[in-house]
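Accompanying notes for the structure given below.
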Amino acid sequence: MDKKLLFKMVAILFMSLVLLVPLGLIEGQIRERSQRQNEVQASIANSAAGEQVLVAPVIAVHYREQVDVAMPKEGNPEQTGVRTRIVERTLLLPPEKLEMLGETTVETRNRGIYQARLFRLGLGTSGRFVLKPLAELPSGGRIVSARAQLQLGIADPRGVNNDPEVTINGKLYRFASTSSKSETQSVATLPDGTPAQGLSAGRLAIDLGPLDLQRESRFDFSFPLQLTGTARLAIAPTGDANHIELKSAWPHPNFGGRFLPTARTVGKDGFAARWDISHLARNFEATQKPGSGEVLSIDFVDPVNVYLQSERAVKYGVLFIVLTFAGFFLTEILRRAPIHPMQYLLVGLALAIFFLLLIALSEHVSFVLAYGLSAAACIGLIAFYLAGALGGVRQGLAFGAGLTGLYGVLYGVLLSEDNSLLMGSLLLFLALGATMLATRRVDWYRLGSQAGEPEQP
């Protein structure tokens, strides 16, 4: 192989590596602005309300129990006696039936060029509790007295927009915030007697008064709730039988958590989803700890995250440069038209500028429009430059058509994340196949020594 040709190939490889520097700087700029977007979202959440985890109502039974404790006798530690003590405990009980019907609206808050999405939930909640006589509890002592309290857990109580009237057995009540300090003096347990940590989220409570220790107690409840949050809504289904329906005009929900909808419809006009969850499917203890993930959730996602898509596009920048340089190199070989390394470099920089234009424009207009404008600008610039550099409008238009196809494929990859690997692999295969077909009769050993002679068929 001629040394001149070898040096040209080394120079092309070197320039390809050099162009990784501006691509890396552009990718860093995208990450920086994405981080700024996250900071603005957190700031708006701090001013309004953050992601909401709603722990459905439970009954907290605070009771005083008389127990006998073995203790050493005074003056004679070798002998033990029995002393009676009063212990305060808390028993958390799930509703026998729980129904939650709600509708959400989503609004956009702007801070400069950055955005955050808030949701407003209007929720109707109803159900019933059936409490067995406390004398039937598997306790080793005698219960002296007991009071019931309805508790509702909300991750960020600042998002509660109303003071709901709660109807319990036909009477009206209102929620009050509870102090975690007052709760730590008693030991919380679950219906099976195992310890519980209580509600991890902020708690709203209603005092239901003393309980009759010998009789079954029933509480039928219902209340409306208006709740504001940012980006994500999660609900912990505490009931033995849970029926939850949510709908919204937001057409881009992401359902998550441990419980997917039993039925759902998603369209351009919004979504509707229904969950039917039994006590056999959920862990009551875990529902009291929202961080455990024992929730159903809806993320009101941004359908077009311009920073994520721009970052994904930059990752294909090297592929753009390599394929374009390969086209130049084939032009040199097949048409005997030498291209200076500086021309390679200028075209490579123009390709890199596309990604900077893309992120800059996408912050002000829709992503598809930003992509189209950036691609048109770069394709036009490169085609115009090559028409003069290669000595003909046809050559410039040919390279412009090839770049148009590349940008079209890249946009398809960005829209179809699931098929990105397949589409990228097919593109590389087609490029390699075209190169092999175009150069199948090239004598690489003699190439360069006959630079001025036409190639024989």
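In the structure tokens, each chain is lettered A, B, ... as it comes, each chain's residues begin at 1, and ligands are numbered from 1 in order of appearance.
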
_Which of range 122-331 of chain A end up as strand (DSSP E or B) when DSSP is run on this backbone - answer as a VMD selection string?_
chain A and resid 122 to 131 142 to 154 160 165 to 168 171 to 174 176 to 177 187 to 189 195 202 to 210 217 to 230 232 to 236 241 to 248 253 to 257 263 to 267 270 to 278 296 to 300

*asked:* Give me, as a PyMOL selection string, all polymer residues having an atom no more than 9 Å from range 217-225 of chain A, counting only C-alpha atoms and skipping those fewer than 5 positions away in the same chain.
replied: chain A and resi 121-133+160-170+211-212

Residues as selected, N, CA and C atoms, written as a tab-separated table (two decimals), in the first residue's frame, can you do that?
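This went into again26.tsv:
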chain	number	residue	atom	x	y	z
A	121	LEU	N	-54.96	16.06	42.52
A	121	LEU	CA	-55.80	14.87	42.65
A	121	LEU	C	-57.06	15.22	43.43
A	122	GLY	N	-58.20	14.90	42.84
A	122	GLY	CA	-59.46	14.95	43.55
A	122	GLY	C	-59.90	13.51	43.82
A	123	LEU	N	-59.92	13.12	45.09
A	123	LEU	CA	-60.10	11.71	45.45
A	123	LEU	C	-61.26	11.55	46.42
A	124	GLY	N	-62.13	10.62	46.10
A	124	GLY	CA	-63.18	10.23	47.02
A	124	GLY	C	-62.84	8.89	47.65
A	125	THR	N	-62.80	8.83	48.98
A	125	THR	CA	-62.40	7.61	49.69
A	125	THR	C	-63.52	7.17	50.61
A	126	SER	N	-63.81	5.89	50.60
A	126	SER	CA	-64.84	5.34	51.47
A	126	SER	C	-64.47	3.91	51.84
A	127	GLY	N	-65.11	3.41	52.88
A	127	GLY	CA	-64.84	2.04	53.32
A	127	GLY	C	-65.43	1.79	54.69
A	128	ARG	N	-65.02	0.67	55.27
A	128	ARG	CA	-65.52	0.34	56.61
A	128	ARG	C	-64.48	-0.44	57.39
A	129	PHE	N	-64.50	-0.23	58.67
A	129	PHE	CA	-63.68	-1.00	59.61
A	129	PHE	C	-64.61	-1.82	60.48
A	130	VAL	N	-64.21	-3.05	60.74
A	130	VAL	CA	-64.93	-3.91	61.68
A	130	VAL	C	-63.91	-4.38	62.71
A	131	LEU	N	-64.09	-3.93	63.96
A	131	LEU	CA	-63.14	-4.25	65.03
A	131	LEU	C	-63.75	-5.30	65.95
A	132	LYS	N	-63.07	-6.40	66.09
A	132	LYS	CA	-63.52	-7.42	67.02
A	132	LYS	C	-63.38	-6.94	68.45
A	133	PRO	N	-64.13	-7.54	69.39
A	133	PRO	CA	-63.95	-7.16	70.80
A	133	PRO	C	-62.49	-7.33	71.22
A	160	VAL	N	-52.05	18.97	50.82
A	160	VAL	CA	-53.49	18.84	51.10
A	160	VAL	C	-54.14	20.20	50.88
A	161	ASN	N	-55.03	20.29	49.90
A	161	ASN	CA	-55.61	21.58	49.51
A	161	ASN	C	-56.96	21.87	50.14
A	162	ASN	N	-57.52	20.90	50.84
A	162	ASN	CA	-58.82	21.14	51.46
A	162	ASN	C	-58.80	20.64	52.90
A	163	ASP	N	-59.81	21.02	53.64
A	163	ASP	CA	-60.01	20.52	55.01
A	163	ASP	C	-61.22	19.60	54.94
A	164	PRO	N	-61.01	18.34	54.57
A	164	PRO	CA	-62.14	17.47	54.22
A	164	PRO	C	-63.04	17.17	55.41
A	165	GLU	N	-64.33	17.15	55.14
A	165	GLU	CA	-65.31	16.68	56.12
A	165	GLU	C	-65.39	15.16	56.02
A	166	VAL	N	-65.07	14.50	57.10
A	166	VAL	CA	-65.05	13.05	57.14
A	166	VAL	C	-66.33	12.55	57.80
A	167	THR	N	-67.07	11.75	57.08
A	167	THR	CA	-68.30	11.18	57.62
A	167	THR	C	-68.00	9.78	58.16
A	168	ILE	N	-68.22	9.59	59.46
A	168	ILE	CA	-67.99	8.31	60.11
A	168	ILE	C	-69.25	7.93	60.87
A	169	ASN	N	-69.88	6.86	60.44
A	169	ASN	CA	-71.14	6.40	61.05
A	169	ASN	C	-72.16	7.53	61.12
A	170	GLY	N	-72.21	8.34	60.04
A	170	GLY	CA	-73.21	9.39	59.95
A	170	GLY	C	-72.84	10.68	60.64
A	211	LEU	N	-63.61	2.72	73.10
A	211	LEU	CA	-64.21	1.52	72.53
A	211	LEU	C	-64.81	0.66	73.64
A	212	ASP	N	-65.92	-0.01	73.29
A	212	ASP	CA	-66.51	-1.00	74.18
A	212	ASP	C	-65.68	-2.28	74.06

When you look at Arg109 in chain A with a cut-off of 12 Å (counting only C-alpha atoms), what residues show up, excluding the ones that are within fewer than 2 positions of it in the same chain? I need them as an mmCIF file with C-alpha atoms, in the first residue's frame.
data_model
loop_
_atom_site.group_PDB
_atom_site.id
_atom_site.type_symbol
_atom_site.label_atom_id
_atom_site.label_comp_id
_atom_site.auth_asym_id
_atom_site.auth_seq_id
_atom_site.Cartn_x
_atom_site.Cartn_y
_atom_site.Cartn_z
ATOM 1 C CA VAL A 40 -35.565 23.531 39.220
ATOM 2 C CA GLN A 41 -38.025 20.650 39.619
ATOM 3 C CA ALA A 42 -36.810 20.083 43.173
ATOM 4 C CA SER A 43 -37.099 23.803 43.910
ATOM 5 C CA ILE A 44 -40.672 23.953 42.626
ATOM 6 C CA ALA A 45 -41.494 20.819 44.632
ATOM 7 C CA SER A 47 -42.321 25.479 47.138
ATOM 8 C CA ALA A 48 -45.461 23.456 46.393
ATOM 9 C CA VAL A 106 -51.624 18.012 35.410
ATOM 10 C CA GLU A 107 -50.277 21.544 35.093
ATOM 11 C CA ARG A 111 -39.048 28.852 35.844
ATOM 12 C CA GLY A 112 -37.175 30.446 32.975
ATOM 13 C CA ILE A 113 -36.762 27.837 30.252
ATOM 14 C CA TYR A 114 -37.131 24.954 32.706
ATOM 15 C CA GLN A 115 -40.362 23.204 33.635
ATOM 16 C CA ALA A 116 -41.876 21.036 36.349
ATOM 17 C CA ARG A 117 -45.186 19.215 36.325
ATOM 18 C CA LEU A 118 -47.615 19.297 39.231
ATOM 19 C CA PHE A 119 -50.651 17.075 39.553
ATOM 20 C CA THR A 230 -45.017 16.716 41.830
ATOM 21 C CA ALA A 231 -44.455 14.167 39.088
#

*May I have all residues of range 101-329 of chain A that DSSP, computed from the backbone, assigns to helix (DSSP H, G or I), given as a PyMOL selection string?*
chain A and resi 134-136+157-159+180-183+284-287+290-292+306-314+317-329

Take the residues that were just selected and, keeping N, CA and C atoms, output them as an mmCIF file, in the first residue's frame.
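result-v7.cif, written as the output of this step:
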data_model
loop_
_atom_site.group_PDB
_atom_site.id
_atom_site.type_symbol
_atom_site.label_atom_id
_atom_site.label_comp_id
_atom_site.auth_asym_id
_atom_site.auth_seq_id
_atom_site.Cartn_x
_atom_site.Cartn_y
_atom_site.Cartn_z
ATOM 1 N N LEU A 134 -61.978 -6.326 71.921
ATOM 2 C CA LEU A 134 -60.570 -6.374 72.304
ATOM 3 C C LEU A 134 -60.277 -7.526 73.253
ATOM 4 N N ALA A 135 -61.294 -8.042 73.903
ATOM 5 C CA ALA A 135 -61.068 -9.181 74.804
ATOM 6 C C ALA A 135 -60.610 -10.418 74.039
ATOM 7 N N GLU A 136 -60.828 -10.432 72.707
ATOM 8 C CA GLU A 136 -60.444 -11.593 71.909
ATOM 9 C C GLU A 136 -59.008 -11.502 71.395
ATOM 10 N N PRO A 157 -47.713 16.654 53.642
ATOM 11 C CA PRO A 157 -49.021 17.220 53.991
ATOM 12 C C PRO A 157 -49.246 18.620 53.436
ATOM 13 N N ARG A 158 -48.186 19.308 52.983
ATOM 14 C CA ARG A 158 -48.388 20.633 52.380
ATOM 15 C C ARG A 158 -49.256 20.555 51.134
ATOM 16 N N GLY A 159 -49.337 19.363 50.541
ATOM 17 C CA GLY A 159 -50.120 19.215 49.331
ATOM 18 C C GLY A 159 -51.613 19.053 49.554
ATOM 19 N N SER A 180 -45.608 12.873 66.215
ATOM 20 C CA SER A 180 -44.925 11.585 66.352
ATOM 21 C C SER A 180 -44.405 11.396 67.763
ATOM 22 N N LYS A 181 -44.150 12.509 68.468
ATOM 23 C CA LYS A 181 -43.625 12.407 69.821
ATOM 24 C C LYS A 181 -44.621 11.719 70.744
ATOM 25 N N SER A 182 -45.899 12.058 70.580
ATOM 26 C CA SER A 182 -46.904 11.466 71.457
ATOM 27 C C SER A 182 -47.116 9.990 71.164
ATOM 28 N N GLU A 183 -46.748 9.574 69.942
ATOM 29 C CA GLU A 183 -46.970 8.181 69.578
ATOM 30 C C GLU A 183 -45.854 7.269 70.072
ATOM 31 N N PHE A 284 -49.592 -5.918 54.811
ATOM 32 C CA PHE A 284 -50.091 -4.775 55.586
ATOM 33 C C PHE A 284 -48.969 -4.054 56.311
ATOM 34 N N GLU A 285 -48.044 -4.792 56.879
ATOM 35 C CA GLU A 285 -46.939 -4.146 57.585
ATOM 36 C C GLU A 285 -46.141 -3.261 56.641
ATOM 37 N N ALA A 286 -45.901 -3.735 55.391
ATOM 38 C CA ALA A 286 -45.117 -2.955 54.436
ATOM 39 C C ALA A 286 -45.858 -1.708 53.982
ATOM 40 N N THR A 287 -47.201 -1.744 53.967
ATOM 41 C CA THR A 287 -47.935 -0.548 53.563
ATOM 42 C C THR A 287 -47.740 0.591 54.546
ATOM 43 N N PRO A 290 -43.969 3.496 53.553
ATOM 44 C CA PRO A 290 -44.027 3.806 52.125
ATOM 45 C C PRO A 290 -42.709 3.566 51.400
ATOM 46 N N GLY A 291 -41.586 3.670 52.104
ATOM 47 C CA GLY A 291 -40.307 3.425 51.467
ATOM 48 C C GLY A 291 -40.100 1.981 51.070
ATOM 49 N N SER A 292 -40.948 1.077 51.559
ATOM 50 C CA SER A 292 -40.806 -0.343 51.223
ATOM 51 C C SER A 292 -41.243 -0.639 49.797
ATOM 52 N N VAL A 306 -36.150 16.423 26.432
ATOM 53 C CA VAL A 306 -35.216 16.907 25.412
ATOM 54 C C VAL A 306 -33.772 16.637 25.806
ATOM 55 N N TYR A 307 -33.480 16.666 27.097
ATOM 56 C CA TYR A 307 -32.099 16.443 27.519
ATOM 57 C C TYR A 307 -31.714 14.976 27.365
ATOM 58 N N LEU A 308 -32.627 14.089 27.712
ATOM 59 C CA LEU A 308 -32.348 12.666 27.557
ATOM 60 C C LEU A 308 -32.188 12.300 26.089
ATOM 61 N N GLN A 309 -33.077 12.822 25.243
ATOM 62 C CA GLN A 309 -32.995 12.491 23.830
ATOM 63 C C GLN A 309 -31.769 13.125 23.179
ATOM 64 N N SER A 310 -31.413 14.340 23.596
ATOM 65 C CA SER A 310 -30.214 14.971 23.048
ATOM 66 C C SER A 310 -28.967 14.206 23.466
ATOM 67 N N GLU A 311 -28.936 13.720 24.710
ATOM 68 C CA GLU A 311 -27.789 12.949 25.169
ATOM 69 C C GLU A 311 -27.676 11.639 24.391
ATOM 70 N N ARG A 312 -28.815 11.010 24.131
ATOM 71 C CA ARG A 312 -28.795 9.789 23.332
ATOM 72 C C ARG A 312 -28.321 10.079 21.912
ATOM 73 N N ALA A 313 -28.725 11.241 21.360
ATOM 74 C CA ALA A 313 -28.315 11.586 20.001
ATOM 75 C C ALA A 313 -26.805 11.782 19.916
ATOM 76 N N VAL A 314 -26.206 12.426 20.940
ATOM 77 C CA VAL A 314 -24.761 12.679 20.925
ATOM 78 C C VAL A 314 -23.983 11.366 20.895
ATOM 79 N N GLY A 317 -22.951 10.461 17.641
ATOM 80 C CA GLY A 317 -22.138 11.430 16.905
ATOM 81 C C GLY A 317 -20.925 10.797 16.258
ATOM 82 N N VAL A 318 -20.261 9.892 16.969
ATOM 83 C CA VAL A 318 -19.089 9.219 16.408
ATOM 84 C C VAL A 318 -19.474 8.422 15.167
ATOM 85 N N LEU A 319 -20.642 7.770 15.221
ATOM 86 C CA LEU A 319 -21.105 7.001 14.058
ATOM 87 C C LEU A 319 -21.314 7.921 12.865
ATOM 88 N N PHE A 320 -21.875 9.106 13.083
ATOM 89 C CA PHE A 320 -22.069 10.075 12.006
ATOM 90 C C PHE A 320 -20.735 10.446 11.376
ATOM 91 N N ILE A 321 -19.775 10.771 12.231
ATOM 92 C CA ILE A 321 -18.477 11.218 11.730
ATOM 93 C C ILE A 321 -17.777 10.099 10.956
ATOM 94 N N VAL A 322 -17.794 8.896 11.505
ATOM 95 C CA VAL A 322 -17.126 7.771 10.845
ATOM 96 C C VAL A 322 -17.752 7.485 9.494
ATOM 97 N N LEU A 323 -19.085 7.460 9.425
ATOM 98 C CA LEU A 323 -19.745 7.169 8.152
ATOM 99 C C LEU A 323 -19.489 8.272 7.134
ATOM 100 N N THR A 324 -19.484 9.536 7.582
ATOM 101 C CA THR A 324 -19.216 10.642 6.659
ATOM 102 C C THR A 324 -17.778 10.583 6.146
ATOM 103 N N PHE A 325 -16.840 10.344 7.054
ATOM 104 C CA PHE A 325 -15.442 10.233 6.634
ATOM 105 C C PHE A 325 -15.245 9.036 5.707
ATOM 106 N N ALA A 326 -15.977 7.964 5.941
ATOM 107 C CA ALA A 326 -15.892 6.807 5.051
ATOM 108 C C ALA A 326 -16.377 7.175 3.653
ATOM 109 N N GLY A 327 -17.455 7.995 3.596
ATOM 110 C CA GLY A 327 -17.933 8.455 2.292
ATOM 111 C C GLY A 327 -16.908 9.312 1.581
ATOM 112 N N PHE A 328 -16.228 10.193 2.328
ATOM 113 C CA PHE A 328 -15.164 10.994 1.731
ATOM 114 C C PHE A 328 -14.044 10.111 1.186
ATOM 115 N N PHE A 329 -13.654 9.145 1.994
ATOM 116 C CA PHE A 329 -12.540 8.282 1.613
ATOM 117 C C PHE A 329 -12.873 7.482 0.353
#

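With distances restricted to only C-alpha atoms, A:Leu152 is the closest residue to Thr238 in chain A from A:Leu152, A:Leu351, A:Leu23, A:Leu13.
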